[in-house]
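Colleague: Coordinates in target11.cif, mmCIF, C-alpha atoms, are listed below.
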```
data_model
loop_
_atom_site.group_PDB
_atom_site.id
_atom_site.type_symbol
_atom_site.label_atom_id
_atom_site.label_comp_id
_atom_site.auth_asym_id
_atom_site.auth_seq_id
_atom_site.Cartn_x
_atom_site.Cartn_y
_atom_site.Cartn_z
ATOM 1 C CA MET P 30 14.423 32.762 62.656
ATOM 2 C CA GLU P 31 13.014 34.358 59.516
ATOM 3 C CA ARG P 32 9.596 34.909 61.091
ATOM 4 C CA VAL P 33 11.145 36.567 64.144
ATOM 5 C CA ASN P 34 13.159 38.894 61.927
ATOM 6 C CA ASN P 35 9.963 39.627 60.015
ATOM 7 C CA ILE P 36 8.315 40.735 63.271
ATOM 8 C CA MET P 37 11.203 43.064 64.073
ATOM 9 C CA ALA P 38 10.908 44.679 60.632
ATOM 10 C CA HIS P 39 7.102 44.776 60.525
ATOM 11 C CA PRO P 40 5.742 48.345 60.191
ATOM 12 C CA LEU P 41 3.018 47.819 62.817
ATOM 13 C CA PHE P 42 5.543 46.397 65.297
ATOM 14 C CA LEU P 43 7.880 49.338 64.678
ATOM 15 C CA GLN P 44 5.014 51.824 65.035
ATOM 16 C CA HIS P 45 3.984 50.420 68.411
ATOM 17 C CA MET P 46 7.595 50.246 69.595
ATOM 18 C CA GLU P 47 7.954 53.955 68.770
ATOM 19 C CA GLN P 48 4.748 54.697 70.666
ATOM 20 C CA ASN P 49 6.016 52.720 73.667
ATOM 21 C CA GLU P 50 9.302 54.621 73.562
ATOM 22 C CA ALA P 51 7.540 57.978 73.436
ATOM 23 C CA ALA P 52 5.230 57.023 76.308
ATOM 24 C CA GLU P 53 8.205 55.958 78.448
ATOM 25 C CA GLN P 54 10.706 58.686 77.578
ATOM 26 C CA ASP P 55 10.588 60.079 81.138
ATOM 27 C CA ARG P 56 10.171 56.721 82.891
ATOM 28 C CA ILE P 57 12.930 56.091 85.429
ATOM 29 C CA PHE P 58 11.942 52.474 86.021
ATOM 30 C CA CYS P 59 12.194 49.441 83.754
ATOM 31 C CA ARG P 60 11.339 50.234 80.169
ATOM 32 C CA HIS P 61 9.553 48.080 77.636
ATOM 33 C CA ASP P 62 12.110 48.468 74.879
ATOM 34 C CA MET P 63 13.915 46.054 72.582
ATOM 35 C CA GLY P 64 16.448 45.258 75.304
ATOM 36 C CA HIS P 65 13.660 44.088 77.617
ATOM 37 C CA LEU P 66 11.950 42.096 74.868
ATOM 38 C CA LEU P 67 15.158 40.287 73.932
ATOM 39 C CA ASP P 68 15.990 39.635 77.591
ATOM 40 C CA VAL P 69 12.579 38.004 77.985
ATOM 41 C CA ALA P 70 13.099 35.951 74.808
ATOM 42 C CA ARG P 71 16.525 34.708 75.868
ATOM 43 C CA ILE P 72 15.434 33.861 79.409
ATOM 44 C CA ALA P 73 12.395 32.063 77.976
ATOM 45 C CA MET P 74 14.718 30.043 75.740
ATOM 46 C CA ILE P 75 16.875 29.103 78.735
ATOM 47 C CA LEU P 76 13.817 28.054 80.757
ATOM 48 C CA ASN P 77 12.516 26.079 77.782
ATOM 49 C CA LEU P 78 15.797 24.197 77.466
ATOM 50 C CA GLU P 79 16.355 23.663 81.187
ATOM 51 C CA GLU P 80 12.798 22.454 81.727
ATOM 52 C CA GLY P 81 12.776 20.306 78.581
ATOM 53 C CA LEU P 82 9.531 21.853 77.334
ATOM 54 C CA GLY P 83 10.315 21.543 73.636
ATOM 55 C CA LEU P 84 8.784 24.885 72.702
ATOM 56 C CA GLU P 85 9.806 26.136 69.273
ATOM 57 C CA LYS P 86 12.280 29.018 69.274
ATOM 58 C CA GLU P 87 10.268 31.151 66.830
ATOM 59 C CA ILE P 88 7.175 30.740 69.024
ATOM 60 C CA LEU P 89 9.081 31.818 72.147
ATOM 61 C CA TYR P 90 10.699 34.780 70.423
ATOM 62 C CA GLY P 91 7.441 35.806 68.759
ATOM 63 C CA ALA P 92 5.648 35.878 72.113
ATOM 64 C CA ALA P 93 8.491 37.702 73.840
ATOM 65 C CA LEU P 94 8.789 40.359 71.138
ATOM 66 C CA LEU P 95 5.057 41.067 71.197
ATOM 67 C CA HIS P 96 4.127 40.661 74.859
ATOM 68 C CA ASP P 97 4.447 44.395 75.665
ATOM 69 C CA ILE P 98 3.520 45.770 72.235
ATOM 70 C CA GLY P 99 0.431 47.511 73.621
ATOM 71 C CA ARG P 100 2.117 49.075 76.642
ATOM 72 C CA HIS P 101 1.615 52.620 75.362
ATOM 73 C CA GLU P 102 -2.169 52.105 75.414
ATOM 74 C CA GLN P 103 -2.005 51.451 79.144
ATOM 75 C CA TYR P 104 -0.370 54.857 79.613
ATOM 76 C CA GLU P 105 -2.649 56.613 77.125
ATOM 77 C CA ASN P 106 -6.097 55.305 77.996
ATOM 78 C CA GLY P 107 -5.791 52.702 80.762
ATOM 79 C CA THR P 108 -6.224 49.637 78.554
ATOM 80 C CA PRO P 109 -4.294 46.799 80.227
ATOM 81 C CA HIS P 110 -1.300 46.237 77.968
ATOM 82 C CA GLU P 111 -1.837 42.481 77.843
ATOM 83 C CA GLU P 112 -5.284 43.099 76.337
ATOM 84 C CA ALA P 113 -3.960 45.685 73.885
ATOM 85 C CA GLY P 114 -1.120 43.353 72.908
ATOM 86 C CA ALA P 115 -3.486 40.428 72.373
ATOM 87 C CA ARG P 116 -5.499 42.642 70.030
ATOM 88 C CA ILE P 117 -2.485 44.000 68.095
ATOM 89 C CA ALA P 118 -0.372 40.835 67.790
ATOM 90 C CA PRO P 119 -2.492 38.639 65.465
ATOM 91 C CA ALA P 120 -2.129 40.888 62.406
ATOM 92 C CA ILE P 121 1.637 41.033 62.869
ATOM 93 C CA LEU P 122 1.984 37.298 63.459
ATOM 94 C CA GLU P 123 -0.145 36.306 60.490
ATOM 95 C CA GLU P 124 1.718 38.663 58.146
ATOM 96 C CA CYS P 125 5.026 37.278 59.422
ATOM 97 C CA GLY P 126 4.198 33.661 58.580
ATOM 98 C CA TYR P 127 2.743 32.242 61.806
ATOM 99 C CA ASN P 128 -0.193 29.908 61.251
ATOM 100 C CA GLU P 129 -3.542 30.184 63.045
ATOM 101 C CA LYS P 130 -2.681 27.655 65.772
ATOM 102 C CA GLU P 131 0.693 29.300 66.500
ATOM 103 C CA THR P 132 -0.935 32.723 66.544
ATOM 104 C CA ASP P 133 -3.589 31.538 69.001
ATOM 105 C CA VAL P 134 -0.971 30.085 71.377
ATOM 106 C CA ILE P 135 1.140 33.251 71.252
ATOM 107 C CA VAL P 136 -1.849 35.555 71.730
ATOM 108 C CA GLN P 137 -3.029 33.494 74.700
ATOM 109 C CA ALA P 138 0.446 33.778 76.269
ATOM 110 C CA ILE P 139 0.481 37.552 75.679
ATOM 111 C CA ARG P 140 -2.970 37.867 77.254
ATOM 112 C CA ARG P 141 -1.847 35.835 80.293
ATOM 113 C CA HIS P 142 1.700 37.152 80.801
ATOM 114 C CA ARG P 143 0.631 39.109 83.894
ATOM 115 C CA THR P 144 -1.595 36.367 85.356
ATOM 116 C CA LYS P 145 0.186 34.893 88.367
ATOM 117 C CA THR P 146 -1.807 31.644 88.248
ATOM 118 C CA VAL P 147 0.077 30.616 85.077
ATOM 119 C CA ALA P 148 3.499 31.137 86.673
ATOM 120 C CA GLU P 149 4.299 27.457 87.071
ATOM 121 C CA ASN P 150 2.621 26.211 83.900
ATOM 122 C CA ALA P 151 4.850 24.095 81.670
ATOM 123 C CA ASP P 152 3.664 25.914 78.559
ATOM 124 C CA LEU P 153 4.282 29.137 76.658
ATOM 125 C CA SER P 154 2.124 31.197 79.036
ATOM 126 C CA GLY P 155 4.056 30.014 82.079
ATOM 127 C CA VAL P 156 7.444 30.463 80.451
ATOM 128 C CA LEU P 157 6.568 33.967 79.246
ATOM 129 C CA TYR P 158 5.287 34.952 82.699
ATOM 130 C CA ARG P 159 8.427 33.701 84.435
ATOM 131 C CA ALA P 160 10.846 35.108 81.866
ATOM 132 C CA ASP P 161 9.175 38.527 82.009
ATOM 133 C CA LYS P 162 9.498 38.683 85.798
ATOM 134 C CA MET P 163 13.044 37.305 85.804
ATOM 135 C CA SER P 164 14.205 39.843 83.229
ATOM 136 C CA ARG P 165 14.049 42.769 85.650
ATOM 137 C CA PRO P 166 17.526 43.623 87.053
ATOM 138 C CA CYS P 167 16.329 45.231 90.308
ATOM 139 C CA PHE P 168 19.684 44.403 91.924
ATOM 140 C CA GLY P 169 21.355 46.984 89.675
ATOM 141 C CA CYS P 170 18.576 49.535 89.203
ATOM 142 C CA LYS P 171 19.321 53.111 90.230
ATOM 143 C CA ALA P 172 15.585 53.741 90.740
ATOM 144 C CA GLU P 173 14.954 50.549 92.769
ATOM 145 C CA SER P 174 14.327 52.396 96.055
ATOM 146 C CA ALA P 175 11.534 54.445 94.428
ATOM 147 C CA CYS P 176 9.982 51.471 92.600
ATOM 148 C CA ASN P 177 6.389 50.581 93.461
ATOM 149 C CA TRP P 178 7.006 46.842 93.102
ATOM 150 C CA GLY P 179 6.792 45.088 96.450
ATOM 151 C CA GLU P 180 9.999 43.656 97.862
ATOM 152 C CA GLU P 181 8.742 40.114 97.203
ATOM 153 C CA LYS P 182 8.561 40.852 93.450
ATOM 154 C CA LYS P 183 11.934 42.543 93.061
ATOM 155 C CA ASN P 184 14.813 40.586 91.574
ATOM 156 C CA LYS P 185 17.587 41.200 94.077
ATOM 157 C CA LYS P 186 19.605 38.138 93.051
ATOM 158 C CA ILE P 187 20.424 36.451 89.760
ATOM 159 C CA SER P 188 18.526 33.203 89.511
ATOM 160 C CA LEU P 189 17.259 30.763 86.938
#
```
Could you take the file, read its structure, and then write that structure out as structure tokens?
Modeller:
Amino acid sequence: MERVNNIMAHPLFLQHMEQNEAAEQDRIFCRHDMGHLLDVARIAMILNLEEGLGLEKEILYGAALLHDIGRHEQYENGTPHEEAGARIAPAILEECGYNEKETDVIVQAIRRHRTKTVAENADLSGVLYRADKMSRPCFGCKAESACNWGEEKKNKKISL
């Protein structure tokens, strides 16, 4: 997991995580912090194992850690965070030891992690989409009644 640890220590990753934290300091709903990123990574790993997809752990964790890296840009200037993340991630991935093919697969998954049509795909994009949605603990959220997510999207039960 050396490459994953390299991401978590990368100055650009840390800079964007700080910017996300600052942008969400008053947010009462789900935050895009390290807890969320690790929840997504761990759920993705479970899905990968249960579905027998054979995706490499460092690829799953790399995608999960970087999928919301551009969230602050969505707050600041309206850039969809999946687009911002797809733009930011390659430099981090390459400097952390991911090759061009791995970087392309991860960036594609980041770009598509909010695209519902990939939900059932048996690939990194589908796993990242599902893990991201499943990571939200709506059943225990104190702000759930004020959340703008529709009832059909809210996680009211634990499921995998």
Colleague: Using all atoms listed in the file, which protein or nucleic acid residues come within 6 Å of P:Gly99? Drop anything in the same chain fewer than 3 positions from it, and give the result as a VMD selection string.
Modeller: chain P and resid 102 110 113 to 114
Colleague: Write out as CSV the residues of stretch 83-170 of chain P that have any atom within 8 Å of an atom of stretch 48-64 of chain P, one row each with the nearest atom pair and its distance in Å to one decimal, counting all atoms listed in the file, sorted by chain and then rising number.
Modeller:
```
residue,atom,partner,partner_atom,distance
P:Leu94,CA,P:Met63,CA,7.8
P:Asp97,CA,P:His61,CA,6.6
P:Ile98,CA,P:Asn49,CA,7.5
P:Gly99,CA,P:Asn49,CA,7.6
P:Arg100,CA,P:Asn49,CA,6.1
P:His101,CA,P:Asn49,CA,4.7
P:Tyr104,CA,P:Ala52,CA,6.9
P:Glu105,CA,P:Ala52,CA,7.9
P:Arg165,CA,P:Cys59,CA,7.2
P:Cys170,CA,P:Phe58,CA,7.9
```
Colleague: At what distance in Å, to one decimal, does atom CA of P:Gly107 lie from atom CA of P:Ser174?
Modeller: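 So the two atoms, atom CA of P:Ser174 and atom CA of P:Gly107, lie 25.3 Å apart.
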Colleague: For atom CA of P:Ala160 and atom CA of P:Ala73, quote the distance in Å rounded to one decimal.
Modeller: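 Separation between atom CA of P:Ala160 and atom CA of P:Ala73: 5.2 Å.
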Colleague: Grab all the atoms of stretch 108-113 of chain P that the file lists, wrap them in a box along x, y and z, add 6 Å per side, and give me centre plus edge lengths in Å (one decimal) as JSON.
Modeller:
```
{"center_x": -3.8, "center_y": 46.1, "center_z": 77.1, "size_x": 16.9, "size_y": 19.2, "size_z": 18.3}
```
Colleague: For P:Asn150, please output as a ChimeraX atom specification all residues within 12 Å (counting all atoms listed in the file; exclusion window: fewer than 6 positions along the same chain).
Modeller: /P:76-77,80,82,138,141-142,144,156-159
Colleague: Counting all atoms listed in the file, which residue out of P:Asn177, P:Gln44, P:Thr146, P:Gln137 sits closest to P:His96?
Modeller: P:Gln137
Colleague: Just how far from atom CA of P:Asn35 is atom CA of P:Ala120, in Å to one decimal?
Modeller: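 Separating atom CA of P:Ala120 from atom CA of P:Asn35 is a distance of 12.4 Å.
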Colleague: Select, from P:Leu122, P:Ala175, P:Ile117, P:Leu67, the residue with the minimum atom-to-atom distance to P:Asp161, counting all atoms listed in the file.
Modeller: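 The shortest atom-to-atom distance to P:Asp161 comes from P:Leu67.
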Colleague: Can you pull out the residues contacting P:Leu41? Cut-off 10 Å, using all atoms listed in the file, and skip same-chain residues under 4 positions away; I want them as a ChimeraX atom specification.
Modeller: /P:36-37,45-47,98,117-118,120-121
Colleague: When the PyMOL selection byres ((chain P and resi 90) around 9) is applied to the structure above, which residues does it catch, written out as a list of chain:residue names?
Modeller: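 Evaluating the PyMOL selection byres ((chain P and resi 90) around 9) on this file yields P:Met30, P:Val33, P:Leu66, P:Leu67, P:Val69, P:Ala70, P:Arg71, P:Ala73, P:Met74, P:Glu85, P:Lys86, P:Glu87, P:Ile88, P:Leu89, P:Gly91, P:Ala92, P:Ala93, P:Leu94, P:Leu95.
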Colleague: Considering all atoms listed in the file, can you say which of P:Glu112, P:Asp133, P:Glu79, P:Glu124 comes closest to P:Arg32?
Modeller: P:Glu124
Colleague: Kindly indicate which residue among P:Val136, P:Pro166, P:Glu111, P:Leu78 lies nearest to P:Glu123, using only C-alpha atoms for the distances.
Modeller: P:Val136
